[in-house]
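Coordinates from protein32.tsv are shown below (TSV, C-alpha atoms).
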chain	number	residue	atom	x	y	z
T	491	MET	CA	-111.70	73.99	220.67
T	492	GLY	CA	-109.04	72.88	218.21
T	493	LEU	CA	-108.32	71.04	214.98
T	494	ARG	CA	-110.36	67.98	215.94
T	495	GLU	CA	-113.45	70.07	216.70
T	496	ALA	CA	-112.95	72.04	213.48
T	497	PHE	CA	-112.80	68.87	211.38
T	498	ALA	CA	-115.92	67.48	213.10
T	499	SER	CA	-117.83	70.71	212.48
T	500	VAL	CA	-116.91	70.91	208.80
T	501	ILE	CA	-117.81	67.23	208.29
T	502	ALA	CA	-121.12	67.73	210.13
T	503	SER	CA	-122.13	70.69	207.95
T	504	PRO	CA	-119.86	71.00	204.89
T	505	GLY	CA	-122.41	73.08	203.00
T	506	THR	CA	-122.23	75.75	205.69
T	507	LEU	CA	-118.66	75.79	206.96
T	508	LEU	CA	-116.73	74.79	203.85
T	509	PRO	CA	-117.55	78.00	201.93
T	510	VAL	CA	-116.48	80.02	204.98
T	511	LEU	CA	-113.23	78.06	205.17
T	512	ARG	CA	-112.52	78.82	201.52
T	513	GLU	CA	-113.60	82.48	201.51
T	514	ASP	CA	-112.73	83.67	205.02
T	515	PRO	CA	-110.26	81.22	206.63
T	516	GLY	CA	-109.36	83.71	209.34
T	517	ARG	CA	-112.90	83.48	210.69
T	518	VAL	CA	-112.62	79.70	211.01
T	519	ARG	CA	-109.19	80.00	212.63
T	520	ALA	CA	-110.56	82.42	215.23
T	521	ARG	CA	-113.64	80.33	215.92
T	522	PHE	CA	-111.68	77.15	216.68
T	523	GLY	CA	-108.44	78.72	217.96
T	524	LEU	CA	-106.29	77.19	215.21
T	525	SER	CA	-102.63	77.81	214.48
T	526	ASP	CA	-101.54	78.63	210.92
T	527	ALA	CA	-100.37	75.02	210.48
T	528	GLU	CA	-103.67	73.60	211.72
T	529	LEU	CA	-105.64	75.93	209.45
T	530	ALA	CA	-103.52	74.77	206.50
T	531	VAL	CA	-104.32	71.12	207.31
T	532	LEU	CA	-108.04	71.90	207.55
T	533	ALA	CA	-108.06	73.84	204.28
T	534	GLY	CA	-105.95	71.22	202.51
T	535	VAL	CA	-108.79	68.68	202.34
T	536	ASP	CA	-110.74	68.97	199.10
T	537	GLY	CA	-114.49	69.48	198.99
T	538	ASP	CA	-115.28	66.03	197.59
T	539	SER	CA	-113.46	64.39	200.50
T	540	TYR	CA	-115.42	66.47	203.00
T	541	ALA	CA	-118.67	65.53	201.24
T	542	PHE	CA	-117.75	61.84	201.36
T	543	MET	CA	-116.83	62.03	205.06
T	544	ALA	CA	-120.08	63.86	205.78
T	545	GLU	CA	-122.08	61.12	204.05
T	546	GLU	CA	-120.23	58.37	205.93
T	547	SER	CA	-120.56	60.21	209.23
T	548	GLY	CA	-124.30	60.74	208.66
T	549	ALA	CA	-124.79	57.05	207.91
T	550	LYS	CA	-123.01	56.05	211.12
T	551	ARG	CA	-125.03	58.52	213.16
T	552	ARG	CA	-128.24	57.14	211.70
T	553	ILE	CA	-127.20	53.60	212.70
T	554	HIS	CA	-126.48	54.74	216.27
T	555	LEU	CA	-129.82	56.53	216.50
T	556	SER	CA	-131.59	53.43	215.19
T	557	VAL	CA	-130.33	51.45	218.18
T	558	GLY	CA	-132.29	53.64	220.60
T	559	VAL	CA	-135.27	54.81	218.54
T	560	PRO	CA	-135.53	52.52	215.48
T	561	ARG	CA	-139.18	53.12	214.57
T	562	THR	CA	-138.76	56.86	214.97
T	563	VAL	CA	-135.77	56.92	212.62
T	564	ASN	CA	-137.62	54.75	210.07
T	565	GLU	CA	-140.63	57.07	210.18
T	566	LEU	CA	-138.43	60.09	209.61
T	567	ALA	CA	-136.57	58.39	206.77
T	568	GLU	CA	-139.81	57.41	205.01
T	569	HIS	CA	-141.95	60.50	205.56
T	570	HIS	CA	-139.64	63.30	206.74
T	571	PRO	CA	-136.30	62.64	205.00
T	572	VAL	CA	-135.41	66.33	204.75
T	573	VAL	CA	-135.73	66.71	208.53
T	574	LEU	CA	-133.60	63.63	209.20
T	575	ASP	CA	-130.95	64.73	206.73
T	576	ALA	CA	-130.88	68.22	208.25
T	577	PHE	CA	-130.27	66.75	211.68
T	578	LEU	CA	-127.59	64.31	210.53
T	579	THR	CA	-125.67	66.99	208.63
T	580	THR	CA	-125.87	69.82	211.15
T	581	THR	CA	-125.67	68.19	214.59
T	582	THR	CA	-122.57	66.96	216.37
T	583	LEU	CA	-123.38	63.90	218.47
T	584	PRO	CA	-121.58	62.57	221.59
T	585	GLU	CA	-118.04	61.35	220.94
T	586	ASP	CA	-118.70	57.75	222.01
T	587	PRO	CA	-122.07	56.79	220.50
T	588	ASP	CA	-121.29	53.08	220.85
T	589	ASP	CA	-121.66	53.45	224.60
T	590	PRO	CA	-125.30	53.03	225.77
T	591	MET	CA	-125.28	56.45	227.40
T	592	GLY	CA	-123.83	57.90	224.20
T	593	ILE	CA	-126.76	56.42	222.28
T	594	VAL	CA	-129.20	57.94	224.77
T	595	GLY	CA	-127.51	61.33	224.43
T	596	ALA	CA	-127.61	61.13	220.63
T	597	CYS	CA	-131.31	60.22	220.65
T	598	GLU	CA	-132.10	63.02	223.09
T	599	ARG	CA	-130.50	65.51	220.70
T	600	LEU	CA	-132.58	64.16	217.84
T	601	LEU	CA	-135.80	64.45	219.86
T	602	ALA	CA	-134.93	68.04	220.81
T	603	PHE	CA	-134.25	69.00	217.17
T	604	GLY	CA	-136.42	72.01	216.38
T	605	GLU	CA	-137.59	70.78	212.97
T	606	LEU	CA	-138.89	67.45	214.29
T	607	PRO	CA	-142.72	67.14	214.12
T	608	PRO	CA	-144.07	67.22	217.71
T	609	SER	CA	-145.90	63.92	217.26
T	610	ILE	CA	-142.72	62.15	216.14
T	611	ALA	CA	-140.80	63.71	219.05
T	612	ASP	CA	-143.40	62.31	221.47
T	613	PHE	CA	-143.20	58.84	219.95
T	614	GLY	CA	-139.40	59.02	220.05
T	615	ARG	CA	-139.49	59.81	223.77
T	616	PHE	CA	-141.78	56.81	224.28
T	617	GLU	CA	-139.36	54.61	222.35
T	618	LEU	CA	-136.32	55.98	224.17
T	619	ASP	CA	-137.98	55.43	227.57
T	620	GLN	CA	-138.33	51.76	226.63
T	621	TYR	CA	-134.69	51.52	225.51
T	622	VAL	CA	-133.47	53.06	228.79
T	623	LEU	CA	-135.64	50.74	230.89
T	624	LEU	CA	-134.45	47.67	228.99
T	625	GLY	CA	-130.83	48.70	229.57
T	626	ASP	CA	-131.22	49.42	233.28
T	627	SER	CA	-129.37	46.81	235.38
T	628	VAL	CA	-131.31	47.73	238.53
T	629	ALA	CA	-134.59	47.16	236.66
T	630	ALA	CA	-133.29	43.80	235.43
T	631	GLU	CA	-132.45	42.72	238.97
T	632	ALA	CA	-135.86	43.89	240.23
T	633	CYS	CA	-137.72	41.51	237.93
T	634	ARG	CA	-135.37	38.54	238.36
T	635	PRO	CA	-137.29	35.39	239.42
T	636	GLY	CA	-136.76	34.48	243.06
T	637	PRO	CA	-138.52	33.18	246.15
T	638	GLY	CA	-141.93	34.74	246.57
T	639	ALA	CA	-141.79	37.75	248.86
T	640	GLN	CA	-144.47	38.51	251.40
T	641	LEU	CA	-146.75	41.19	250.01
T	642	PRO	CA	-146.74	44.43	252.02
T	643	ASP	CA	-149.77	45.92	253.70
T	644	ALA	CA	-150.76	48.06	250.75
T	645	ALA	CA	-152.99	50.40	252.71
T	646	GLU	CA	-150.84	51.07	255.77
T	647	GLY	CA	-147.21	50.62	254.69
T	648	PRO	CA	-145.09	53.13	252.74
T	649	LEU	CA	-144.81	52.18	249.07
T	650	VAL	CA	-142.48	52.89	246.14
T	651	LEU	CA	-142.60	52.11	242.45
T	652	SER	CA	-140.69	49.01	241.43
T	653	PRO	CA	-137.37	49.83	239.71
T	654	ALA	CA	-138.72	47.75	236.81
T	655	VAL	CA	-141.44	50.34	236.16
T	656	ARG	CA	-141.55	53.76	234.49
T	657	VAL	CA	-144.52	56.12	234.22
T	658	ALA	CA	-144.55	58.97	231.68
T	659	THR	CA	-147.06	61.30	230.03
T	660	TYR	CA	-146.97	62.16	226.32
T	661	GLY	CA	-148.81	64.79	224.30
T	662	HIS	CA	-149.87	62.30	221.59
T	663	ASP	CA	-151.35	58.83	221.82
T	664	VAL	CA	-148.14	56.85	221.39
T	665	THR	CA	-150.08	53.62	222.07
T	666	ASP	CA	-152.31	54.03	219.00
T	667	PRO	CA	-152.11	50.92	216.75
T	668	GLY	CA	-151.15	53.14	213.82
T	669	ALA	CA	-148.17	54.73	215.59
T	670	PRO	CA	-145.82	56.24	214.63
T	671	ALA	CA	-147.44	57.00	211.25
T	672	ARG	CA	-150.72	57.89	212.98
T	673	LEU	CA	-150.42	59.73	216.28
T	674	PRO	CA	-153.64	61.38	217.50
T	675	ARG	CA	-153.05	64.54	219.52
T	676	GLU	CA	-154.19	63.35	222.93
T	677	GLU	CA	-152.39	63.45	226.26
T	678	VAL	CA	-151.85	59.93	227.54
T	679	THR	CA	-150.12	58.47	230.58
T	680	VAL	CA	-148.28	55.20	229.99
T	681	LEU	CA	-146.88	52.68	232.44
T	682	LEU	CA	-143.91	50.65	231.19
T	683	GLN	CA	-143.08	47.45	233.06
T	684	ARG	CA	-140.10	45.24	232.43
T	685	ALA	CA	-140.54	41.49	232.85
T	686	TRP	CA	-137.84	38.85	233.18
T	687	ASP	CA	-139.00	36.39	230.52
T	688	ALA	CA	-141.44	38.44	228.44
T	689	PRO	CA	-141.40	41.52	226.23
T	690	LEU	CA	-141.60	44.90	227.93
T	691	ARG	CA	-145.23	45.77	228.63
T	692	ALA	CA	-146.83	49.15	227.99
T	693	TYR	CA	-150.14	50.00	229.66
T	694	ARG	CA	-152.17	53.12	229.02
T	695	ILE	CA	-153.45	54.24	232.42
T	696	GLY	CA	-155.84	56.91	233.64
T	697	ALA	CA	-154.70	60.25	234.99
T	698	GLY	CA	-155.88	59.31	238.49
T	699	THR	CA	-153.82	56.13	238.52
T	700	GLY	CA	-150.82	58.03	237.19
T	701	LEU	CA	-151.19	60.63	239.94
T	702	PHE	CA	-151.49	57.89	242.55
T	703	LEU	CA	-148.33	56.17	241.29
T	704	SER	CA	-146.45	59.47	241.43
T	705	ARG	CA	-147.30	59.60	245.15
T	706	CYS	CA	-145.74	56.19	245.79
T	707	ASP	CA	-142.41	57.79	246.64
T	708	GLY	CA	-141.52	56.02	249.89
T	709	THR	CA	-142.83	58.79	252.11
T	710	ARG	CA	-146.53	57.89	252.00
T	711	THR	CA	-148.53	54.85	252.94
T	712	GLY	CA	-150.83	53.42	250.31
T	713	ARG	CA	-153.80	55.02	252.00
T	714	GLU	CA	-152.06	58.43	252.07
T	715	ALA	CA	-151.05	58.15	248.40
T	716	ALA	CA	-154.63	57.37	247.43
T	717	ARG	CA	-155.92	60.30	249.45
T	718	ASP	CA	-153.41	62.67	247.81
T	719	ALA	CA	-154.55	61.41	244.40
T	720	ASP	CA	-158.18	62.14	245.39
T	721	LEU	CA	-159.28	58.54	244.78
T	722	PRO	CA	-162.32	57.13	246.64
T	723	GLU	CA	-161.03	54.80	249.36
T	724	PRO	CA	-162.80	51.57	248.26
T	725	GLU	CA	-161.60	52.05	244.68
T	726	ALA	CA	-158.10	53.00	245.88
T	727	LEU	CA	-157.70	49.93	248.11
T	728	GLY	CA	-158.76	47.61	245.27
T	729	LEU	CA	-156.31	49.35	242.94
T	730	LEU	CA	-153.55	49.06	245.54
T	731	ASP	CA	-154.02	45.31	245.87
T	732	ARG	CA	-153.82	44.85	242.09
T	733	LEU	CA	-150.72	47.04	241.76
T	734	VAL	CA	-148.89	45.26	244.56
T	735	SER	CA	-149.82	41.81	243.21
T	736	ALA	CA	-148.58	42.82	239.75
T	737	GLY	CA	-145.24	43.96	241.19
T	738	ILE	CA	-145.79	47.55	240.06
T	739	VAL	CA	-145.46	48.96	243.57
T	740	ARG	CA	-143.64	47.44	246.52
T	741	ALA	CA	-142.87	48.13	250.14
T	742	ALA	CA	-140.43	51.01	250.63
T	743	PRO	CA	-137.05	49.86	251.97
T	744	ALA	CA	-136.56	50.52	255.65
T	745	ILE	CA	-134.36	53.48	256.47
T	746	VAL	CA	-131.72	52.66	259.06
T	747	HIS	CA	-130.68	55.63	261.18
T	748	GLN	CA	-127.15	55.45	262.56
T	749	VAL	CA	-126.64	56.93	265.98
T	750	ARG	CA	-123.27	58.52	266.66
T	751	PRO	CA	-121.68	57.24	269.87
T	752	THR	CA	-121.41	59.87	272.54
T	753	ALA	CA	-117.99	60.79	273.85
structure tokens encoding of this file:
Amino acid sequence: MGLREAFASVIASPGTLLPVLREDPGRVRARFGLSDAELAVLAGVDGDSYAFMAEESGAKRRIHLSVGVPRTVNELAEHHPVVLDAFLTTTTLPEDPDDPMGIVGACERLLAFGELPPSIADFGRFELDQYVLLGDSVAAEACRPGPGAQLPDAAEGPLVLSPAVRVATYGHDVTDPGAPARLPREEVTVLLQRAWDAPLRAYRIGAGTGLFLSRCDGTRTGREAARDADLPEPEALGLLDRLVSAGIVRAAPAIVHQVRPTA
């Protein structure tokens, strides 16, 4: 802790900390470990300046959040402005929000904010999952056009999810056409798939398919994954063929075991 952290905290919540700084400066000094000189610098800024800096800081934070979860931020601004303002004025975000991981961290803090409506938090997670997938270099490489690969034996070979795919479950129907303004309370499982020359695709899938995909972890053959998901074999084999053809699952990479030479 120090002067920098003290400034950031006062700017983030001037309505809370500024009165304490004026009425009980020793408490602020103890909290942030300030010297007398540092406390004098902190107390020397007038209230209007702190209010202006808080407004500017809040605007910048909103811009950074809008990079990762734009529709979520717009929904909050239009229908829950008090909640958004409370978050922007009371929460300290990562120091480098211009970095993609800083944006993800900032959005995660917003979605964990206790005053956020649960439906909006669910939609925000859906939106953030898309942002992360679109920024994943491994996912980009996985969907790069190239020579056609031989399709694996879906039933007998071990399978994994493509790096260009994510599967997640949400407590509200984030795929509803009226989202995020209308979000029916219904648990849904969604498959996100990144494509090289097309928008990211989102598919609502059944619980059985979601369970099957979770078993494609490189340790099970397609037949074993289907059995673990309690899918009838004829249905499972047809599903496997479609998933492999669509590039959603692929053959697990071979594991090479190195043998130490004996002395």
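Using only C-alpha atoms for every distance, the candidate list T:Arg521, T:Ala685, T:Asn564, T:Leu701 yields T:Ala685 as the residue closest to Pro635 of chain T.
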Legend entry - Which residue of T:Gly625, T:Pro571, T:Pro560, T:Pro648 approaches Phe613 of chain T most closely, using only C-alpha atoms: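 Residue with the minimum atom-to-atom distance to Phe613 of chain T: T:Pro560.
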Legend entry - Atom pair atom CA of Ala658 of chain T / atom CA of Thr679 of chain T: separation (Å):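 Computing it gives 5.7 Å between the two atoms.
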Legend entry - Near-Pro608 of chain T list (12 Å; all atoms listed in the file; drop same-chain fewer than 5 positions) as a PyMOL selection string: chain T and resi 562+600-603+613-615+660-664+670+673-675
Legend entry - T:Val678, T:Leu507, T:Ala654, T:Leu618 ranked by distance to Ala533 of chain T, top pick (using all atoms listed in the file): T:Leu507
Legend entry - Interatomic distance, atom CA of Gly737 of chain T to atom CA of Leu649 of chain T (Å, one decimal):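 Spanning atom CA of Gly737 of chain T to atom CA of Leu649 of chain T is a straight-line distance of 11.4 Å.
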Inset, instruction - Have a look at atom CA of Leu532 of chain T and atom CA of Ala576 of chain T and let me know their distance in Å, one decimal. - result: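 Between atom CA of Leu532 of chain T and atom CA of Ala576 of chain T the gap is 23.1 Å.
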Inset, instruction - Using all atoms listed in the file, pick whichever of T:Pro722, T:Pro689, T:Pro743, T:Gly516 has the shortest atom-to-atom distance to Leu651 of chain T. - result: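 Among T:Pro722, T:Pro689, T:Pro743, T:Gly516, it is T:Pro743 that comes nearest to Leu651 of chain T.
Shortest separation to Gly698 of chain T among T:Glu631, T:Glu598, T:Asp718, T:Glu568 occurs at residue T:Asp718, atoms counted being all atoms listed in the file.
The neighbours of Gln683 of chain T here are the residues that come within 7 Å of it, using only C-alpha atoms and leaving out any residue fewer than 5 positions away in the same chain; they are Ala654, Val655, Arg656, Leu690, Arg691 and Ala692 of chain T.
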Legend entry - Closest of T:His570, T:Arg517, T:Arg705, T:Arg717 to Val650 of chain T - atom-to-atom distances counting all atoms listed in the file: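 Using all atoms listed in the file, Val650 of chain T sits closest to T:Arg705.
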